[in-house]
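Structure file query_7.pdb (PDB, C-alpha atoms, pLDDT in the B column) follows.
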```pdb
MODEL        1
ATOM      1  CA  MET A   1     -25.108   3.925 -29.566  1.00 57.00           C
ATOM      2  CA  SER A   2     -27.113   7.012 -30.476  1.00 76.00           C
ATOM      3  CA  PHE A   3     -27.567   9.887 -28.068  1.00 78.00           C
ATOM      4  CA  LYS A   4     -31.302   9.216 -27.990  1.00 86.00           C
ATOM      5  CA  LYS A   5     -30.759   5.629 -26.780  1.00 87.00           C
ATOM      6  CA  GLU A   6     -28.253   6.757 -24.171  1.00 86.00           C
ATOM      7  CA  ILE A   7     -30.636   9.379 -22.853  1.00 88.00           C
ATOM      8  CA  GLU A   8     -33.404   6.767 -22.654  1.00 88.00           C
ATOM      9  CA  GLN A   9     -31.085   4.579 -20.557  1.00 88.00           C
ATOM     10  CA  TYR A  10     -30.335   7.518 -18.241  1.00 87.00           C
ATOM     11  CA  LEU A  11     -34.043   8.190 -17.833  1.00 92.00           C
ATOM     12  CA  GLU A  12     -34.583   4.538 -16.894  1.00 91.00           C
ATOM     13  CA  GLN A  13     -31.810   4.782 -14.282  1.00 90.00           C
ATOM     14  CA  ILE A  14     -33.361   7.961 -12.897  1.00 92.00           C
ATOM     15  CA  SER A  15     -36.727   6.178 -12.658  1.00 91.00           C
ATOM     16  CA  VAL A  16     -35.118   3.327 -10.717  1.00 91.00           C
ATOM     17  CA  LEU A  17     -33.475   5.859  -8.395  1.00 90.00           C
ATOM     18  CA  GLU A  18     -36.763   7.717  -7.934  1.00 92.00           C
ATOM     19  CA  GLU A  19     -38.582   4.493  -7.075  1.00 91.00           C
ATOM     20  CA  SER A  20     -35.857   3.611  -4.584  1.00 89.00           C
ATOM     21  CA  PHE A  21     -36.326   6.969  -2.855  1.00 92.00           C
ATOM     22  CA  ARG A  22     -40.103   6.509  -2.750  1.00 92.00           C
ATOM     23  CA  LYS A  23     -39.713   3.106  -1.065  1.00 90.00           C
ATOM     24  CA  VAL A  24     -37.560   4.440   1.782  1.00 90.00           C
ATOM     25  CA  LYS A  25     -39.030   7.903   2.321  1.00 89.00           C
ATOM     26  CA  ASP A  26     -40.991   6.798   5.413  1.00 90.00           C
ATOM     27  CA  LEU A  27     -38.318   4.526   6.880  1.00 88.00           C
ATOM     28  CA  ASP A  28     -36.173   5.494   9.837  1.00 86.00           C
ATOM     29  CA  PRO A  29     -33.321   4.631   9.740  1.00 87.00           C
ATOM     30  CA  LEU A  30     -32.665   4.163   6.052  1.00 84.00           C
ATOM     31  CA  PRO A  31     -31.186   0.791   5.057  1.00 85.00           C
ATOM     32  CA  VAL A  32     -27.492   0.773   4.144  1.00 82.00           C
ATOM     33  CA  SER A  33     -28.333  -0.949   0.849  1.00 84.00           C
ATOM     34  CA  PHE A  34     -30.299   2.160  -0.153  1.00 86.00           C
ATOM     35  CA  PHE A  35     -27.178   4.322  -0.044  1.00 85.00           C
ATOM     36  CA  SER A  36     -25.012   1.814  -1.857  1.00 82.00           C
ATOM     37  CA  ALA A  37     -27.528   1.215  -4.643  1.00 86.00           C
ATOM     38  CA  SER A  38     -28.319   4.932  -4.997  1.00 87.00           C
ATOM     39  CA  LEU A  39     -24.657   5.917  -5.191  1.00 86.00           C
ATOM     40  CA  ASP A  40     -24.015   3.190  -7.765  1.00 84.00           C
ATOM     41  CA  ILE A  41     -26.772   4.586  -9.979  1.00 87.00           C
ATOM     42  CA  LEU A  42     -25.535   8.163  -9.495  1.00 87.00           C
ATOM     43  CA  ASN A  43     -21.986   7.108 -10.392  1.00 81.00           C
ATOM     44  CA  GLN A  44     -23.251   5.381 -13.536  1.00 84.00           C
ATOM     45  CA  LEU A  45     -25.175   8.512 -14.481  1.00 85.00           C
ATOM     46  CA  GLU A  46     -22.186  10.754 -13.791  1.00 84.00           C
ATOM     47  CA  THR A  47     -19.850   8.547 -15.812  1.00 80.00           C
ATOM     48  CA  GLY A  48     -22.338   8.302 -18.652  1.00 80.00           C
ATOM     49  CA  LEU A  49     -22.893  12.044 -18.756  1.00 80.00           C
ATOM     50  CA  TYR A  50     -19.153  12.749 -18.868  1.00 75.00           C
ATOM     51  CA  GLU A  51     -18.823  10.276 -21.749  1.00 78.00           C
ATOM     52  CA  LEU A  52     -21.859  11.744 -23.509  1.00 78.00           C
ATOM     53  CA  GLU A  53     -20.458  15.261 -23.109  1.00 75.00           C
ATOM     54  CA  SER A  54     -17.083  14.169 -24.445  1.00 71.00           C
ATOM     55  CA  SER A  55     -18.676  12.458 -27.451  1.00 74.00           C
ATOM     56  CA  GLN A  56     -20.813  15.497 -28.148  1.00 73.00           C
ATOM     57  CA  LEU A  57     -17.846  17.867 -27.964  1.00 68.00           C
ATOM     58  CA  GLN A  58     -15.795  15.613 -30.250  1.00 69.00           C
ATOM     59  CA  ARG A  59     -18.671  15.415 -32.698  1.00 70.00           C
ATOM     60  CA  ILE A  60     -19.040  19.205 -32.731  1.00 68.00           C
ATOM     61  CA  ALA A  61     -15.276  19.740 -33.040  1.00 62.00           C
ATOM     62  CA  THR A  62     -15.136  17.595 -36.172  1.00 64.00           C
ATOM     63  CA  VAL A  63     -17.818  19.760 -37.807  1.00 58.00           C
ATOM     64  CA  ASN A  64     -15.427  22.640 -38.045  1.00 45.00           C
ATOM     65  CA  SER A  65     -11.886  22.558 -36.712  1.00 48.00           C
ATOM     66  CA  THR A  66     -11.871  26.352 -36.319  1.00 45.00           C
ATOM     67  CA  SER A  67     -14.942  26.319 -34.102  1.00 43.00           C
ATOM     68  CA  SER A  68     -14.926  27.337 -30.503  1.00 46.00           C
ATOM     69  CA  LEU A  69     -17.488  26.343 -27.915  1.00 46.00           C
ATOM     70  CA  ILE A  70     -19.310  28.435 -25.381  1.00 47.00           C
ATOM     71  CA  VAL A  71     -20.719  26.105 -22.756  1.00 46.00           C
ATOM     72  CA  GLY A  72     -23.271  27.395 -20.291  1.00 45.00           C
ATOM     73  CA  LYS A  73     -25.374  25.751 -17.597  1.00 43.00           C
ATOM     74  CA  SER A  74     -28.363  25.290 -19.855  1.00 41.00           C
ATOM     75  CA  SER A  75     -26.956  25.188 -23.385  1.00 42.00           C
ATOM     76  CA  THR A  76     -23.964  24.803 -25.616  1.00 43.00           C
ATOM     77  CA  ILE A  77     -23.479  27.267 -28.469  1.00 45.00           C
ATOM     78  CA  LEU A  78     -21.170  26.615 -31.388  1.00 43.00           C
ATOM     79  CA  VAL A  79     -19.401  29.769 -32.521  1.00 44.00           C
ATOM     80  CA  VAL A  80     -17.463  29.653 -35.764  1.00 42.00           C
ATOM     81  CA  ALA A  81     -14.403  31.824 -35.406  1.00 40.00           C
ATOM     82  CA  GLU A  82     -10.685  31.877 -35.850  1.00 40.00           C
ATOM     83  CA  PRO A  83      -8.833  30.159 -33.007  1.00 42.00           C
ATOM     84  CA  VAL A  84      -7.570  32.488 -30.310  1.00 42.00           C
ATOM     85  CA  ASN A  85      -4.308  31.921 -28.471  1.00 44.00           C
ATOM     86  CA  GLU A  86      -5.196  31.361 -24.821  1.00 41.00           C
ATOM     87  CA  PRO A  87      -2.979  32.931 -22.171  1.00 43.00           C
ATOM     88  CA  ALA A  88      -0.777  30.565 -20.226  1.00 44.00           C
ATOM     89  CA  GLY A  89      -2.195  29.415 -16.929  1.00 45.00           C
ATOM     90  CA  LYS A  90      -4.144  26.674 -15.252  1.00 45.00           C
ATOM     91  CA  PRO A  91      -6.445  24.832 -17.692  1.00 46.00           C
ATOM     92  CA  VAL A  92     -10.105  25.119 -16.845  1.00 48.00           C
ATOM     93  CA  ASP A  93     -11.524  21.914 -18.321  1.00 45.00           C
ATOM     94  CA  GLU A  94      -8.559  19.648 -18.987  1.00 46.00           C
ATOM     95  CA  PRO A  95      -9.358  15.922 -18.762  1.00 45.00           C
ATOM     96  CA  VAL A  96      -7.010  14.073 -16.431  1.00 46.00           C
ATOM     97  CA  GLU A  97      -6.648  10.563 -15.099  1.00 46.00           C
ATOM     98  CA  SER A  98      -7.333  10.569 -11.405  1.00 48.00           C
ATOM     99  CA  GLY A  99      -6.308   7.954  -8.849  1.00 50.00           C
ATOM    100  CA  LEU A 100      -8.881   9.196  -6.342  1.00 50.00           C
ATOM    101  CA  PRO A 101     -11.510   6.726  -5.105  1.00 50.00           C
ATOM    102  CA  GLY A 102     -14.439   6.474  -7.487  1.00 48.00           C
ATOM    103  CA  ASN A 103     -12.567   8.082 -10.374  1.00 47.00           C
ATOM    104  CA  LYS A 104     -11.694   5.123 -12.577  1.00 40.00           C
ATOM    105  CA  ILE A 105     -12.197   7.041 -15.798  1.00 37.00           C
ATOM    106  CA  SER A 106     -11.058  10.389 -17.048  1.00 35.00           C
ATOM    107  CA  LYS A 107     -12.654  13.290 -15.157  1.00 46.00           C
ATOM    108  CA  LYS A 108     -12.487  17.018 -15.536  1.00 50.00           C
ATOM    109  CA  ILE A 109     -10.640  19.139 -13.025  1.00 54.00           C
ATOM    110  CA  TYR A 110     -12.101  22.627 -12.978  1.00 61.00           C
ATOM    111  CA  ALA A 111     -10.649  25.887 -11.786  1.00 70.00           C
ATOM    112  CA  ASP A 112     -13.507  25.862  -9.221  1.00 78.00           C
ATOM    113  CA  LEU A 113     -12.926  23.143  -6.624  1.00 82.00           C
ATOM    114  CA  THR A 114     -16.625  22.600  -5.985  1.00 80.00           C
ATOM    115  CA  LYS A 115     -17.235  21.738  -9.638  1.00 81.00           C
ATOM    116  CA  SER A 116     -14.562  19.041  -9.682  1.00 82.00           C
ATOM    117  CA  LEU A 117     -15.891  17.356  -6.559  1.00 84.00           C
ATOM    118  CA  THR A 118     -17.529  14.029  -7.444  1.00 85.00           C
ATOM    119  CA  ILE A 119     -20.440  12.737  -5.413  1.00 87.00           C
ATOM    120  CA  ASN A 120     -18.302  10.044  -3.782  1.00 87.00           C
ATOM    121  CA  LEU A 121     -15.580  12.498  -2.836  1.00 88.00           C
ATOM    122  CA  ARG A 122     -18.106  15.041  -1.557  1.00 88.00           C
ATOM    123  CA  PHE A 123     -19.677  12.471   0.764  1.00 88.00           C
ATOM    124  CA  MET A 124     -16.306  11.146   1.901  1.00 90.00           C
ATOM    125  CA  PHE A 125     -14.841  14.597   2.613  1.00 89.00           C
ATOM    126  CA  LEU A 126     -18.043  15.814   4.239  1.00 89.00           C
ATOM    127  CA  ARG A 127     -18.250  12.757   6.481  1.00 90.00           C
ATOM    128  CA  ASP A 128     -14.588  12.261   7.350  1.00 89.00           C
ATOM    129  CA  LEU A 129     -12.988  15.693   7.161  1.00 89.00           C
ATOM    130  CA  PHE A 130     -15.828  18.108   7.934  1.00 90.00           C
ATOM    131  CA  LYS A 131     -17.824  15.996  10.426  1.00 88.00           C
ATOM    132  CA  GLY A 132     -20.999  16.381   8.340  1.00 88.00           C
ATOM    133  CA  ASN A 133     -20.927  20.188   8.422  1.00 89.00           C
ATOM    134  CA  ASP A 134     -21.820  21.128   4.837  1.00 87.00           C
ATOM    135  CA  ALA A 135     -21.655  24.882   5.492  1.00 89.00           C
ATOM    136  CA  GLU A 136     -18.125  24.580   6.909  1.00 90.00           C
ATOM    137  CA  MET A 137     -17.032  22.476   3.942  1.00 90.00           C
ATOM    138  CA  ASN A 138     -18.451  25.009   1.464  1.00 89.00           C
ATOM    139  CA  ARG A 139     -16.754  27.923   3.282  1.00 90.00           C
ATOM    140  CA  THR A 140     -13.447  26.054   3.297  1.00 91.00           C
ATOM    141  CA  LEU A 141     -13.668  25.187  -0.415  1.00 90.00           C
ATOM    142  CA  ALA A 142     -14.587  28.785  -1.278  1.00 89.00           C
ATOM    143  CA  HIS A 143     -11.529  30.004   0.622  1.00 91.00           C
ATOM    144  CA  LEU A 144      -9.290  27.381  -1.034  1.00 90.00           C
ATOM    145  CA  ASN A 145     -10.547  28.517  -4.466  1.00 86.00           C
ATOM    146  CA  ALA A 146      -9.134  31.975  -3.783  1.00 88.00           C
ATOM    147  CA  LEU A 147      -5.648  30.659  -3.009  1.00 89.00           C
ATOM    148  CA  GLN A 148      -2.915  30.389  -5.640  1.00 88.00           C
ATOM    149  CA  THR A 149      -0.682  27.527  -4.505  1.00 91.00           C
ATOM    150  CA  LEU A 150      -0.882  24.147  -2.844  1.00 91.00           C
ATOM    151  CA  GLU A 151       1.411  25.420  -0.080  1.00 92.00           C
ATOM    152  CA  GLU A 152      -1.021  28.242   0.734  1.00 92.00           C
ATOM    153  CA  ALA A 153      -3.911  25.766   0.779  1.00 90.00           C
ATOM    154  CA  LEU A 154      -2.111  23.326   3.085  1.00 91.00           C
ATOM    155  CA  ALA A 155      -1.058  26.146   5.417  1.00 91.00           C
ATOM    156  CA  TYR A 156      -4.639  27.424   5.556  1.00 92.00           C
ATOM    157  CA  LEU A 157      -6.017  23.946   6.267  1.00 91.00           C
ATOM    158  CA  ASN A 158      -3.407  23.185   8.924  1.00 89.00           C
ATOM    159  CA  GLY A 159      -4.108  26.489  10.686  1.00 89.00           C
ATOM    160  CA  ASN A 160      -7.882  26.627  10.370  1.00 86.00           C
ATOM    161  CA  HIS A 161      -9.177  23.152   9.649  1.00 82.00           C
ATOM    162  CA  PRO A 162      -6.647  20.448  10.533  1.00 81.00           C
ATOM    163  CA  VAL A 163      -6.812  17.394   8.287  1.00 85.00           C
ATOM    164  CA  SER A 164      -5.411  14.000   9.201  1.00 86.00           C
ATOM    165  CA  TRP A 165      -3.311  13.515   6.049  1.00 86.00           C
ATOM    166  CA  GLU A 166      -2.548   9.838   6.814  1.00 89.00           C
ATOM    167  CA  THR A 167      -6.172   8.665   6.477  1.00 91.00           C
ATOM    168  CA  GLU A 168      -7.718   7.518   3.201  1.00 92.00           C
ATOM    169  CA  SER A 169      -9.837  10.682   3.123  1.00 90.00           C
ATOM    170  CA  GLY A 170      -6.839  12.896   3.907  1.00 90.00           C
ATOM    171  CA  ILE A 171      -4.753  11.289   1.171  1.00 93.00           C
ATOM    172  CA  ALA A 172      -7.603  11.632  -1.348  1.00 91.00           C
ATOM    173  CA  PHE A 173      -8.161  15.270  -0.305  1.00 91.00           C
ATOM    174  CA  ARG A 174      -4.480  16.109  -0.767  1.00 91.00           C
ATOM    175  CA  GLU A 175      -4.342  14.386  -4.196  1.00 91.00           C
ATOM    176  CA  TRP A 176      -7.457  16.274  -5.226  1.00 89.00           C
ATOM    177  CA  LEU A 177      -5.922  19.576  -4.092  1.00 89.00           C
ATOM    178  CA  GLU A 178      -2.636  18.771  -5.884  1.00 89.00           C
ATOM    179  CA  LYS A 179      -4.516  18.248  -9.151  1.00 87.00           C
ATOM    180  CA  HIS A 180      -6.303  21.565  -8.679  1.00 86.00           C
ATOM    181  CA  PHE A 181      -3.136  23.558  -7.984  1.00 84.00           C
ATOM    182  CA  THR A 182      -0.914  21.964 -10.669  1.00 80.00           C
TER     183      THR A 182
ENDMDL
END
```
Here is a file; write its structure as structure tokens.
Amino acid sequence: MSFKKEIEQYLEQISVLEESFRKVKDLDPLPVSFFSASLDILNQLETGLYELESSQLQRIATVNSTSSLIVGKSSTILVVAEPVNEPAGKPVDEPVESGLPGNKISKKIYADLTKSLTINLRFMFLRDLFKGNDAEMNRTLAHLNALQTLEEALAYLNGNHPVSWETESGIAFREWLEKHFT
């Protein structure tokens, strides 16, 4: 399927999502079906965009095997250059298979925890581990980003923000942290 057709499909999904939001904007409380349907569409969009990005990067890489990519928020620039040996360390954008809920396909784990947080995981962690306090969750993730090891992260969490590691959310949070620190 061409990129143009895929983008048209994404725009259709966005239109469906927009219409769904318009229908419930004056309702209180919002129906549960609204959340389920909206999250399904967002997951489809997220999955599709990851696949589209991967296809695009593969397509660009085949143009010139000595090319390197500079990817920004608003654009991707292809720079033709000799390959550079990267220093050893944690990969920034390495695709991995994840067993976390909602991650049935390959996802990217970033050096920044907030960038690797899927919508499903964000809602689950926010609801179950941070009691709906978005500011507290963001502060905690920012602090965890500065740490170097999983042991440091677990010690920080146990001392400052206890997590029930036996729950589904706690298990998913720990797995997510393990992927970040390995």
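Nearest to Met137 of chain A of all the residues A:Arg59, A:Lys25, A:Arg174, A:His161 is A:His161, counting all atoms listed in the file.
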| For Leu11 of chain A, which residue among A:Thr182, A:Gln44, A:Ser55, A:Asn158 is the nearest when counting only C-alpha atoms? |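 Of A:Thr182, A:Gln44, A:Ser55, A:Asn158, the one nearest Leu11 of chain A, counting only C-alpha atoms, is A:Gln44.
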| said: Once the PyMOL selection byres ((chain A and resi 122) around 12) has been evaluated on this model, what residues remain selected, and can you format them as number ranges by chain? | reply: A: 39, 100-102, 113-121, 123-130, 132-134, 137-138, 141, 169, 172-173, 176
| Do you have the atom CA of Leu154 of chain A-atom CA of Ala135 of chain A distance handy? | 19.8 Å
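If you look at atom CA of Thr149 of chain A and atom CA of Lys131 of chain A, they are 25.5 Å away from each other.
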| request: Dig up all the protein and nucleic acid residues within 12 Å of (-28.8, 2.3, -1.8) in the file frame, using only C-alpha atoms, and format them as number ranges by chain. | output: A: 16-21, 23-24, 30-43
Report as AutoDock Vina command-line options the centre and the edge lengths, in Å to one decimal, of the axis-aligned box holding every listed atom of segment 171-180 of chain A, padded by 5 Å on each side.
```
--center_x -5.4 --center_y 16.4 --center_z -4.0 --size_x 15.5 --size_y 20.3 --size_z 20.3
```
| said: Just the number, please: distance in Å from atom CA of Glu46 of chain A to atom CA of Tyr10 of chain A, one decimal. | reply: 9.8 Å
| the PyMOL selection byres ((chain A and resi 150) around 8) on the file shown: which residues, as a VMD selection string? | chain A and resid 148 to 149 151 to 154 177 to 178 181
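Among the candidate residues A:Asp112, A:Glu53, A:Glu168, A:Glu175, the one lying nearest to Glu6 of chain A is A:Glu53, with distances computed using only C-alpha atoms.
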